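Novice: Okay, here's the structure, questions in a sec.
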Amino acid sequence: MIYRNTAAIRVKLLLLTSTLVFGSLPLYSQRPTPPRPDAAPTQPHWSKVSVNLPVSTRLFPEGEGAITANSQCLICHSVEMVLSQPPRTQAQWTETVNKMRNVYGAPVAADQVETLAKYFTQVIGH
């Protein structure tokens, strides 16, 4: 009796598997229809987008690196946004400033990276 139930289960699994496999073949065998030769090509739809960036009337606190921070960082960031960052070590700020340069294209000179990192470490604290 055990063998009969096992055989019945195997037959049911075989039927189910073959139904799934052979029943889904038409889905995979269909090729996409090529565009009609007389159809007009589709053009992308472009729309105008307006972005309002925050306006900052503040400058960074005085210190060595403040002039660079004011002239370079305020291009994209407000003082408030930068000063609200969690405290980081100088090494972490170096990594962040380099990311701004290398990934986002910030116009910070390579010889100013350490100056900015030291400045932010002092101003924001650690």
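In the structure tokens, chains take the letters A, B, ... in the order shown, each chain's residues start at 1, and ligands count up from 1 in the order shown.
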Give me, as an MDAnalysis selection string, all polymer residues having an atom no more than 9 Å from range 40-55 of chain A, counting only C-alpha atoms and skipping those fewer than 6 positions away in the same chain.
Specialist: chainID A and resid 76:78
Novice: Find the spatial neighbours of range 100-116 of chain A, counting only C-alpha atoms, within a cut-off of 8 Å - ignore same-chain residues fewer than 3 positions away - and output them as a list in words.
Specialist: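 After dropping sequence-adjacent residues, the list is Glu64, Gly65, Ala66, Thr68, Ala69, Gln72, Cys73, Trp93, Thr94, Thr96, Val97, Tyr119 and Phe120 of chain A.
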Novice: Okay, now the selection with N, CA and C atoms, as an mmCIF file, in the first residue's frame?
Specialist:
data_model
loop_
_atom_site.group_PDB
_atom_site.id
_atom_site.type_symbol
_atom_site.label_atom_id
_atom_site.label_comp_id
_atom_site.auth_asym_id
_atom_site.auth_seq_id
_atom_site.Cartn_x
_atom_site.Cartn_y
_atom_site.Cartn_z
ATOM 1 N N GLU A 64 40.733 78.282 9.510
ATOM 2 C CA GLU A 64 41.480 77.856 8.338
ATOM 3 C C GLU A 64 40.653 76.816 7.573
ATOM 4 N N GLY A 65 40.269 77.129 6.377
ATOM 5 C CA GLY A 65 39.420 76.264 5.560
ATOM 6 C C GLY A 65 38.061 76.867 5.292
ATOM 7 N N ALA A 66 37.706 77.933 6.031
ATOM 8 C CA ALA A 66 36.387 78.549 5.864
ATOM 9 C C ALA A 66 36.229 79.170 4.478
ATOM 10 N N THR A 68 37.652 78.263 1.665
ATOM 11 C CA THR A 68 37.448 77.176 0.698
ATOM 12 C C THR A 68 36.051 76.581 0.859
ATOM 13 N N ALA A 69 35.617 76.359 2.075
ATOM 14 C CA ALA A 69 34.277 75.814 2.314
ATOM 15 C C ALA A 69 33.208 76.751 1.762
ATOM 16 N N GLN A 72 33.530 76.702 -2.207
ATOM 17 C CA GLN A 72 33.339 75.439 -2.919
ATOM 18 C C GLN A 72 32.120 74.643 -2.439
ATOM 19 N N CYS A 73 31.931 74.539 -1.156
ATOM 20 C CA CYS A 73 30.861 73.684 -0.623
ATOM 21 C C CYS A 73 29.477 74.313 -0.778
ATOM 22 N N TRP A 93 36.144 62.784 7.215
ATOM 23 C CA TRP A 93 35.883 63.986 6.421
ATOM 24 C C TRP A 93 36.717 63.987 5.141
ATOM 25 N N THR A 94 37.940 63.486 5.224
ATOM 26 C CA THR A 94 38.774 63.380 4.022
ATOM 27 C C THR A 94 38.083 62.487 3.003
ATOM 28 N N THR A 96 34.876 61.873 2.798
ATOM 29 C CA THR A 96 33.663 62.557 2.324
ATOM 30 C C THR A 96 34.006 63.621 1.291
ATOM 31 N N VAL A 97 35.014 64.431 1.561
ATOM 32 C CA VAL A 97 35.402 65.490 0.620
ATOM 33 C C VAL A 97 35.904 64.870 -0.684
ATOM 34 N N TYR A 119 39.190 71.354 8.913
ATOM 35 C CA TYR A 119 38.265 72.431 9.267
ATOM 36 C C TYR A 119 36.924 71.858 9.735
ATOM 37 N N PHE A 120 36.354 70.927 8.953
ATOM 38 C CA PHE A 120 35.059 70.367 9.334
ATOM 39 C C PHE A 120 35.154 69.570 10.625
#
Novice: CA of Thr89 in chain A to CA of Lys118 in chain A: how many Å, to one decimal?
Specialist: 8.7 Å
Novice: Could you check the closest approach to Gly63 in chain A for each of A:Ala117, A:Ser84, A:Leu14, A:Gln122 and tell me which residue wins, using only C-alpha atoms?
Specialist: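 Nearest candidate to Gly63 in chain A out of A:Ala117, A:Ser84, A:Leu14, A:Gln122: A:Gln122.
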Novice: In range 65-96 of chain A, what's alpha helix (DSSP H) per DSSP? Answer as a ChimeraX atom specification?
Specialist: /A:66-72,79-83,90-96
Novice: Would you compute the distance between CA of Arg58 in chain A and CA of Gln90 in chain A? Give it in Å to one decimal.
Specialist: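 Atom-to-atom, CA of Arg58 in chain A to CA of Gln90 in chain A, that is 23.5 Å.
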